[in-house]
Structures are given as C-alpha cells and as structure tokens.
Amino acid sequence: MRDFAAVAIIIAVIIVAFAAALTDGYYMDIFILTCFYGTLAVAWNLMAGLTGLMSLGHALFVGIGAYSVAWGYTAHQWSPLVTWPIGIGLSIAVAIVIGLLCFRYGLKGYFFAIATLACGEIAFFAVSATTALGRSDGIILPLAKNPELHLQFIAKWPYGLMIGSFLTLTLLAGQFLMRSRIGYYWRSLRDNEDAAEALGVNAMAMKVLSFAISAGVASVCGAFYAHYVAFVDPRSVLGVDISVQLLVYAIVGGMGLLWGPLVGAAVLVPFGMFLRNFSFLQGSEVIFYAVLLIGLALVLPQGVSGWVVGRIGKAKAAAELPS
Amino acid sequence: MNQLLQLEGVSKSFGGLRALHDVGFSVEAGEIFAIIGPNGAGKTTLFNCIAGAQKPTSGSIIFQERRIDGLRPHEICRSGLVRTFQIVKPFLGMTVADNVRVAAYVHERRNAGADAVARAMLKQVGLDDYADVGADELNIAQLRRLEIARAMATRPRMVLLDEMLAGLTATETEAICEELREIARQGVALVVVEHSIPVVSSLCSRAVVINFGEVMAHGATLDVIRDPRVQEAYLGKVEAVAWS
Ligand SMILES: Nc1ncnc2c1ncn2[C@@H]1O[C@H](COP(=O)(O)OP(=O)(O)O)[C@@H](O)[C@H]1O
Ligand SMILES: [Mg+2]
C-alpha cells in the first residue's frame, strides 16, 4: 500500500507541475522533456533496477519509435494510428530477438550491457547510411494539411498533456506489475537467478517480458519525440548519449524503486536546461553530471529515492520506539 | 512401483573430470533419504542434475513416473521437486515474506493468497517475527530456515536439502531436524546431504553413499554406515572405531 501512496503523490506532483507549466512555454518545454526522459528512465529501470538487466542500448527503441513515425509520415503520410503500432511492434519484436539470443547464451551483467550497446550502435550506423531514412541528416516532418490528426500542434500544452499522461500511465502500470507475480519474479531474478529458477520462475520468459515491455514504452517515447520536435536524426534518437543519460538519471534517482529514476530526471533535466541558458557554460552539463555522479556514489549510494524512503523508514522506527 | 524418484546410470563429466559415474538409487514417497560422501564426492553435482541446474551427461532421472532429466529447473520445481542450496541463495533485496512469496506463486496466482501462503510457511519454520524485515538481516541459521520455507511454499512432493545443517549449533540442528521430521510426516519426501552421522542415523531411514562420483553403498542407514568400505573411505579410521 505504501508503494501505491508514493506513486499517488508523484502523480499529483506531475499534475501540479503540468498546471504550473501552462503559464509559460519555456516551463512547458522543461515539463515535456522531464516527462520524456523520466518515462524512458522508468522503463529502462524496469529492466535494470528491477529485473537486473542493464541495457546500454535503449536508444535503439527510442529510435525505432521515432523513425517509424518520421518515415511513415514523410514517405506514406501514415497517421500515428498506423505508425505508433508499427514502432511499438517492431521494438518489441527486436527486443524479443535480442533477448532470446542474449539470454539463450547466458549473457549477464557487463556482457549483456555490451551486447545491447552494440545493437544500438549498429542501428545508429545503419540508419546513418540509409538514404530512405535521411542518412545522418535525419528527417524533417513537414506540416500536414490537417495537423491535429498528425499530432502537430502550435501550442505546447497538448504535447505536455500527452507525455504527462503517458508517464502517469507507465507509473500506474509499472506499480501494478511490481506488486504482482511478474514483479516479484523480476526482482527474484535480479537478486538470484539460480534460486529463482529453482523456485519455479521461468527466467527466460520473465527476462524477455521485462525487455519487451521496457522496449515498448521506450518506443512510445521515441514516437512522441518525433511529433514534438518534428525532426529526427540518428544523433538525437539513436545516439548512445540517450542510453547513458538514462543510466545517469536512474543512478541519481535510485534504481531500487520504480519511480526512483523519475526523481533523477526531474532533478537533472531542468538543471541541464538551466545550464544551457548560459552560453559560457555550453556543454558543461557533462562535467556537472560527472561530478554529481561521483558525489552521489559517495554520499547517497541508494540514490535520492532510496535515501528518502530510508529516512521515512527510520523516522517511523524511531516513532515506534518507546521513549 | 511407488518409487517417487528413480535414478538410473546417471553420469556427469566436466570436461575430463568424471564427477558422477553410473549413479542409481530410488527414493520412496514420504521418506527421509540421506546422501552421504566425502567433500568433492559429487553430492551437490547430483542435486544439480536432479533439479535441472545441470544436465546429466547420460542416464535417466524419473520423478513421479515422468522423465525429468533435461527439463529446465523451473519445470522440475513445478512438477513437485524442489531443492535448497548448500550456499544459501536468498533474495537479499526483498523482505523475508517476499522471498517466500516468490515461491508461493507456483500454486497461488492471487497476490493476497501468495502472501498468506508465505506467512503460513514462515510461521511453520519459526520466522514469522521476521516476515517484514529485509532478508539481508537474517543470520545463517535463519537463512537456512528461509530456504526451507521457500521450498515448502512451492507445495513439493520432494525436497532436496544440501548440507542444510552444516555450521549450525547443536540446538539449531535439533530444532531444524524436528521441523524436517514434521515435513516428512506431512508426506513430503526429503533427500538430505548431511555429514553428521548421528544426524543421518536419527533422521534417515535409508541412505546412499557416494565416493568419487560412484555409489559405494545403498540401503538402510544403519547397514550403510556399518559397511566396512564406507567406514574406510568416508568416516576415517578414528571415527570408524567410535561408530562401530
Ligand atoms: N561446474 C563445475 N565445473 C567443473 N567441475 C566441477 C563443477 N562442479 C563440481 N565440480 C567438481 O565435481 C566434483 C564434485 O563436486 P561437488 O558435487 O560439489 O561435491 P560435493 O558436493 O560432494 O562436495 C568436485 O571435484 C568438483 O570440483
Ligand atoms: Mg556439496
């Protein structure tokens, strides 16, 4: 129950933040990017923090989602009702294939991370060399005759509403999963795969499921991004930067809890955008990230969320002690 | 034909090393059966083969009249044969109750039901006071009990216990032995790997002795441990005098 309370509080914060962002386009921009990276980081952590599968190739699924929209729209004028299912389906299929191959050969830990990194990079270079996908120049999504049907809006708030709702949905569905058999199986695999299998957990099926769900969510984020920015290129949606950013958000926010990485994104995304206001600080986010990471590893190894929950637990324990 | 588990000609090689050679024995429903043998004899390897963690190089393993060699560990568990680990393998990031809940989902799909089963099992092994603490806060005797609770939560017909009592105090040993007897009374067969001869002779009706991967003796516990070859190979001369 306490977990659902935490998620309820976070959803309330998302709603308030959205309402506050309605006042100013710049704030809405921050809200949208925070939700975008927050959703991605939560999806990534479903695998990494909660199933024990560290992927460094999640940009691949963002890219598949984004390119499905960009290519489907520019080449065929397909509506999102067509391109989103294609992107999600393709992402899930790719995740299942990569997962089956990796898990069949027992790739874990660093080896799995490197295998996924390689898959992401292969996609990056393949797309950069494919003329139909705009090569490294990318694809611009021109204005449609009936823009709303193609999720093209002049105002920013519809995008905020979309990604905020999707983040909320991801949190609710994720929390439901974590409190069900599947979530318990995932965490048992993270903690000890041999013991989990001996106790009836189908490790292969559960790991592939985690990968597929995570990839599907990432793909929706990618599709959203293509509509929002109206431009995709390999660097922005397939680059290893995205994969690494998710890792940073999750480590800063805490990987032990479903919503931990969202906290990381909510701190770091606005902070990064703030730094970009100062031209003399251009590109300095990376340095700040690095310093922050080192500092956090030393001071808050459980991440911000783990620290907060730990404090609440301690306060309760103290309150229960007879004085 | 009421053999619950039957092994025939089970062999396992690691490259050139022959860890098990032509091992055969059978275990009846509801009995407590011992596997004894010196360190490195192949007992854990045998458990790994039965429970599906490793695939035997040859031979057949039949559980409840069905061949299980080659099945995945989770399939074997779901067929009613569960194992514990010599080196305990708790889910350290989860609470004690949630550790057991994972196992309870084998038969109980509902969340509330799985939690109820988990708590009932913890009560049975005397860990109910620790249900909501992290598994990382338990000591070794408690972790062994947790292994038993998890195994029992899968509602097994047979449990393989690998050196469940090693390193425990006499009191802890006696308490866990009593729990094992209670489990056997409920009709669950137990196969225990155990070094202490007093424990084996008080707990187990029958035993098999494994030495260098081969069956050296097989039969009623008392006959087996009185077997001169067994005393020579396993008990050592000093203890042999003490126990003859
Ligand atoms: N995975 C493995 N790879 C290679 N050799 C192994 C492996 N597992 C066990 N062995 C070897 O097999 C033999 C039996 O080991 P084990 O079954 O652990 O013995 P026991 O449990 O009876 O002490 C030992 O010589 C051990 O070194
Ligand atoms: Mg052993």
# chains A, B, ... in the order shown; residues from 1 in each chain; ligands from 1
$ residues_near_ligand --ligand "ligand 2" --cutoff "7 Å" --atoms "only C-alpha atoms and all ligand atoms" --output "MDAnalysis selection string"
chainID B and resid 39:40 42:44 86 162
$ write_last_selection --atoms "N, CA, C and O atoms" --output "PDB file, in the first residue's frame"
ATOM      1  N   ASN B  39      33.738 -34.694   0.977  1.00  0.00           N
ATOM      2  CA  ASN B  39      33.724 -33.480   0.161  1.00  0.00           C
ATOM      3  C   ASN B  39      34.280 -33.776  -1.220  1.00  0.00           C
ATOM      4  O   ASN B  39      35.259 -34.506  -1.360  1.00  0.00           O
ATOM      5  N   GLY B  40      33.620 -33.228  -2.225  1.00  0.00           N
ATOM      6  CA  GLY B  40      34.076 -33.446  -3.590  1.00  0.00           C
ATOM      7  C   GLY B  40      33.608 -34.753  -4.184  1.00  0.00           C
ATOM      8  O   GLY B  40      33.973 -35.103  -5.302  1.00  0.00           O
ATOM      9  N   GLY B  42      30.662 -35.496  -5.192  1.00  0.00           N
ATOM     10  CA  GLY B  42      29.711 -35.285  -6.275  1.00  0.00           C
ATOM     11  C   GLY B  42      28.273 -35.125  -5.815  1.00  0.00           C
ATOM     12  O   GLY B  42      27.349 -35.169  -6.620  1.00  0.00           O
ATOM     13  N   LYS B  43      28.069 -34.885  -4.522  1.00  0.00           N
ATOM     14  CA  LYS B  43      26.714 -34.806  -3.986  1.00  0.00           C
ATOM     15  C   LYS B  43      25.964 -33.584  -4.523  1.00  0.00           C
ATOM     16  O   LYS B  43      24.819 -33.695  -4.962  1.00  0.00           O
ATOM     17  N   THR B  44      26.637 -32.436  -4.495  1.00  0.00           N
ATOM     18  CA  THR B  44      25.976 -31.231  -5.000  1.00  0.00           C
ATOM     19  C   THR B  44      25.740 -31.348  -6.506  1.00  0.00           C
ATOM     20  O   THR B  44      24.688 -30.944  -7.016  1.00  0.00           O
ATOM     21  N   GLN B  86      23.333 -25.450  -0.937  1.00  0.00           N
ATOM     22  CA  GLN B  86      24.369 -25.607   0.092  1.00  0.00           C
ATOM     23  C   GLN B  86      24.832 -24.230   0.557  1.00  0.00           C
ATOM     24  O   GLN B  86      24.928 -23.954   1.744  1.00  0.00           O
ATOM     25  N   ASP B 162      20.574 -29.566   0.659  1.00  0.00           N
ATOM     26  CA  ASP B 162      22.028 -29.719   0.512  1.00  0.00           C
ATOM     27  C   ASP B 162      22.749 -29.123   1.721  1.00  0.00           C
ATOM     28  O   ASP B 162      22.832 -27.905   1.854  1.00  0.00           O
TER      29      ASP B 162
END
$ select_by_dssp --residues "stretch 17-214 of chain A" --states "alpha helix (DSSP H)" --output "PyMOL selection string"
chain A and resi 17-21+25-51+59-76+80-104+109-128+157-178+181-191+193-198+203-214
$ interface_residues --of "chain A" --to "chain B" --cutoff "9 Å" --atoms "only C-alpha atoms" --output "ChimeraX atom specification"
/A:179-181,184-185,187-192,194-203,256
$ write_last_selection --atoms "N, CA, C and O atoms" --output "JSON list (two decimals), in the first residue's frame"
[["chain", "number", "residue", "atom", "x", "y", "z"],
["A", 179, "ARG", "N", 3.73, -5.10, -8.03],
["A", 179, "ARG", "CA", 3.03, -5.70, -6.90],
["A", 179, "ARG", "C", 2.38, -7.02, -7.28],
["A", 179, "ARG", "O", 1.60, -7.57, -6.49],
["A", 180, "SER", "N", 2.62, -7.49, -8.49],
["A", 180, "SER", "CA", 2.01, -8.75, -8.92],
["A", 180, "SER", "C", 3.10, -9.82, -9.07],
["A", 180, "SER", "O", 4.27, -9.57, -8.84],
["A", 181, "ARG", "N", 2.66, -11.00, -9.46],
["A", 181, "ARG", "CA", 3.58, -12.13, -9.62],
["A", 181, "ARG", "C", 4.77, -11.75, -10.50],
["A", 181, "ARG", "O", 5.92, -12.07, -10.17],
["A", 184, "TYR", "N", 7.38, -9.67, -8.70],
["A", 184, "TYR", "CA", 8.12, -10.48, -7.74],
["A", 184, "TYR", "C", 9.12, -11.38, -8.45],
["A", 184, "TYR", "O", 10.26, -11.55, -8.00],
["A", 185, "TYR", "N", 8.68, -11.95, -9.57],
["A", 185, "TYR", "CA", 9.59, -12.80, -10.34],
["A", 185, "TYR", "C", 10.78, -11.98, -10.86],
["A", 185, "TYR", "O", 11.91, -12.43, -10.83],
["A", 187, "ARG", "N", 12.15, -9.28, -9.60],
["A", 187, "ARG", "CA", 13.12, -8.95, -8.54],
["A", 187, "ARG", "C", 13.85, -10.19, -8.05],
["A", 187, "ARG", "O", 15.02, -10.12, -7.67],
["A", 188, "SER", "N", 13.17, -11.33, -8.07],
["A", 188, "SER", "CA", 13.88, -12.55, -7.65],
["A", 188, "SER", "C", 15.00, -12.87, -8.64],
["A", 188, "SER", "O", 16.08, -13.29, -8.23],
["A", 189, "LEU", "N", 14.77, -12.63, -9.92],
["A", 189, "LEU", "CA", 15.80, -12.88, -10.92],
["A", 189, "LEU", "C", 16.97, -11.91, -10.74],
["A", 189, "LEU", "O", 18.13, -12.27, -10.91],
["A", 190, "ARG", "N", 16.64, -10.68, -10.40],
["A", 190, "ARG", "CA", 17.68, -9.69, -10.15],
["A", 190, "ARG", "C", 18.56, -10.13, -8.98],
["A", 190, "ARG", "O", 19.78, -10.05, -9.03],
["A", 191, "ASP", "N", 17.91, -10.63, -7.92],
["A", 191, "ASP", "CA", 18.66, -10.94, -6.70],
["A", 191, "ASP", "C", 19.41, -12.27, -6.79],
["A", 191, "ASP", "O", 20.53, -12.39, -6.28],
["A", 192, "ASN", "N", 18.79, -13.28, -7.39],
["A", 192, "ASN", "CA", 19.48, -14.57, -7.52],
["A", 192, "ASN", "C", 18.77, -15.44, -8.54],
["A", 192, "ASN", "O", 17.76, -16.06, -8.23],
["A", 194, "ASP", "N", 19.61, -18.32, -9.98],
["A", 194, "ASP", "CA", 19.57, -19.77, -9.71],
["A", 194, "ASP", "C", 18.45, -20.11, -8.73],
["A", 194, "ASP", "O", 17.69, -21.05, -8.94],
["A", 195, "ALA", "N", 18.38, -19.32, -7.65],
["A", 195, "ALA", "CA", 17.34, -19.60, -6.65],
["A", 195, "ALA", "C", 15.97, -19.38, -7.26],
["A", 195, "ALA", "O", 15.05, -20.17, -7.04],
["A", 196, "ALA", "N", 15.81, -18.33, -8.05],
["A", 196, "ALA", "CA", 14.51, -18.05, -8.65],
["A", 196, "ALA", "C", 14.07, -19.21, -9.53],
["A", 196, "ALA", "O", 12.93, -19.69, -9.42],
["A", 197, "GLU", "N", 14.98, -19.69, -10.37],
["A", 197, "GLU", "CA", 14.61, -20.81, -11.26],
["A", 197, "GLU", "C", 14.25, -22.04, -10.44],
["A", 197, "GLU", "O", 13.29, -22.75, -10.77],
["A", 198, "ALA", "N", 15.01, -22.30, -9.38],
["A", 198, "ALA", "CA", 14.74, -23.48, -8.55],
["A", 198, "ALA", "C", 13.38, -23.36, -7.87],
["A", 198, "ALA", "O", 12.82, -24.37, -7.46],
["A", 199, "LEU", "N", 12.86, -22.15, -7.74],
["A", 199, "LEU", "CA", 11.57, -21.95, -7.08],
["A", 199, "LEU", "C", 10.44, -21.73, -8.09],
["A", 199, "LEU", "O", 9.40, -21.20, -7.75],
["A", 200, "GLY", "N", 10.69, -22.13, -9.33],
["A", 200, "GLY", "CA", 9.60, -22.16, -10.29],
["A", 200, "GLY", "C", 9.51, -20.96, -11.22],
["A", 200, "GLY", "O", 8.51, -20.81, -11.93],
["A", 201, "VAL", "N", 10.52, -20.09, -11.22],
["A", 201, "VAL", "CA", 10.46, -18.91, -12.08],
["A", 201, "VAL", "C", 11.06, -19.24, -13.45],
["A", 201, "VAL", "O", 12.20, -19.69, -13.55],
["A", 202, "ASN", "N", 10.27, -19.01, -14.49],
["A", 202, "ASN", "CA", 10.76, -19.21, -15.85],
["A", 202, "ASN", "C", 11.62, -18.00, -16.23],
["A", 202, "ASN", "O", 11.12, -16.98, -16.70],
["A", 203, "ALA", "N", 12.92, -18.14, -16.00],
["A", 203, "ALA", "CA", 13.82, -16.99, -16.12],
["A", 203, "ALA", "C", 13.80, -16.40, -17.53],
["A", 203, "ALA", "O", 13.68, -15.18, -17.70],
["A", 256, "GLY", "N", 16.41, 1.12, -7.03],
["A", 256, "GLY", "CA", 15.68, 0.09, -6.30],
["A", 256, "GLY", "C", 14.17, 0.25, -6.37],
["A", 256, "GLY", "O", 13.43, -0.66, -6.06]]
$ residues_near_ligand --ligand "ligand 1" --cutoff "9 Å" --atoms "only C-alpha atoms and all ligand atoms" --output "NGL selection string"
:B and (12-15 or 17-20 or 36-48 or 54 or 86 or 162-163 or 193 or 210-213)
$ atom_distance --atom1 "atom CA of A:Thr170" --atom2 "atom CA of A:Ala212"
14.0 Å
$ residues_around --residues "B:Val10" --least-positions-apart "3" --cutoff "9 Å" --atoms "only C-alpha atoms" --output "list in words"
Leu7, Leu20, His21, Asp22, Val23, Gly24, Leu46, Cys49, Pro56, Thr57, Ser58, Gly59, Ser60 and Ile61 of chain B
$ write_last_selection --atoms "N, CA, C and O atoms" --output "short mmCIF file (atom, residue, chain, number, x, y, z; two decimals), in the first residue's frame"
data_model
loop_
_atom_site.label_atom_id
_atom_site.label_comp_id
_atom_site.auth_asym_id
_atom_site.auth_seq_id
_atom_site.Cartn_x
_atom_site.Cartn_y
_atom_site.Cartn_z
N LEU B 7 16.74 -42.91 -10.08
CA LEU B 7 17.89 -42.56 -10.92
C LEU B 7 18.48 -43.84 -11.48
O LEU B 7 18.63 -44.83 -10.75
N LEU B 20 30.31 -37.67 -11.68
CA LEU B 20 29.34 -38.71 -11.33
C LEU B 20 29.48 -39.83 -12.35
O LEU B 20 29.62 -39.57 -13.55
N HIS B 21 29.44 -41.09 -11.86
CA HIS B 21 29.53 -42.20 -12.80
C HIS B 21 28.52 -43.27 -12.43
O HIS B 21 28.60 -43.86 -11.36
N ASP B 22 27.57 -43.49 -13.34
CA ASP B 22 26.63 -44.60 -13.22
C ASP B 22 25.94 -44.64 -11.84
O ASP B 22 25.93 -45.67 -11.17
N VAL B 23 25.39 -43.51 -11.45
CA VAL B 23 24.72 -43.45 -10.16
C VAL B 23 23.27 -43.89 -10.30
O VAL B 23 22.56 -43.43 -11.19
N GLY B 24 22.84 -44.79 -9.45
CA GLY B 24 21.46 -45.24 -9.47
C GLY B 24 20.95 -45.49 -8.06
O GLY B 24 21.66 -46.06 -7.24
N LEU B 46 25.14 -34.04 -8.05
CA LEU B 46 23.98 -34.92 -8.18
C LEU B 46 22.68 -34.13 -8.00
O LEU B 46 21.74 -34.27 -8.79
N CYS B 49 21.98 -32.08 -11.00
CA CYS B 49 21.43 -32.87 -12.11
C CYS B 49 19.96 -33.19 -11.88
O CYS B 49 19.14 -33.10 -12.80
N PRO B 56 22.61 -34.05 -16.91
CA PRO B 56 23.48 -35.22 -16.82
C PRO B 56 24.06 -35.56 -18.19
O PRO B 56 23.39 -35.35 -19.21
N THR B 57 25.30 -36.07 -18.21
CA THR B 57 25.89 -36.47 -19.47
C THR B 57 25.16 -37.69 -20.04
O THR B 57 24.96 -37.80 -21.24
N SER B 58 24.76 -38.61 -19.13
CA SER B 58 23.93 -39.73 -19.57
C SER B 58 23.14 -40.24 -18.39
O SER B 58 23.35 -39.83 -17.25
N GLY B 59 22.22 -41.16 -18.67
CA GLY B 59 21.39 -41.72 -17.61
C GLY B 59 20.00 -41.12 -17.60
O GLY B 59 19.72 -40.18 -18.36
N SER B 60 19.15 -41.67 -16.75
CA SER B 60 17.78 -41.16 -16.70
C SER B 60 17.37 -40.87 -15.27
O SER B 60 17.81 -41.53 -14.33
N ILE B 61 16.57 -39.83 -15.12
CA ILE B 61 16.03 -39.44 -13.81
C ILE B 61 14.52 -39.39 -13.96
O ILE B 61 14.00 -38.66 -14.81
#
$ closest_residue --among "A:Phe112, A:Phe124, A:Tyr26, A:Tyr73" --to "A:His227" --atoms "only C-alpha atoms"
A:Tyr73
$ closest_residue --among "B:Leu138, B:Ile87, B:Val188, B:Leu180" --to "B:Pro156" --atoms "only C-alpha atoms"
B:Val188
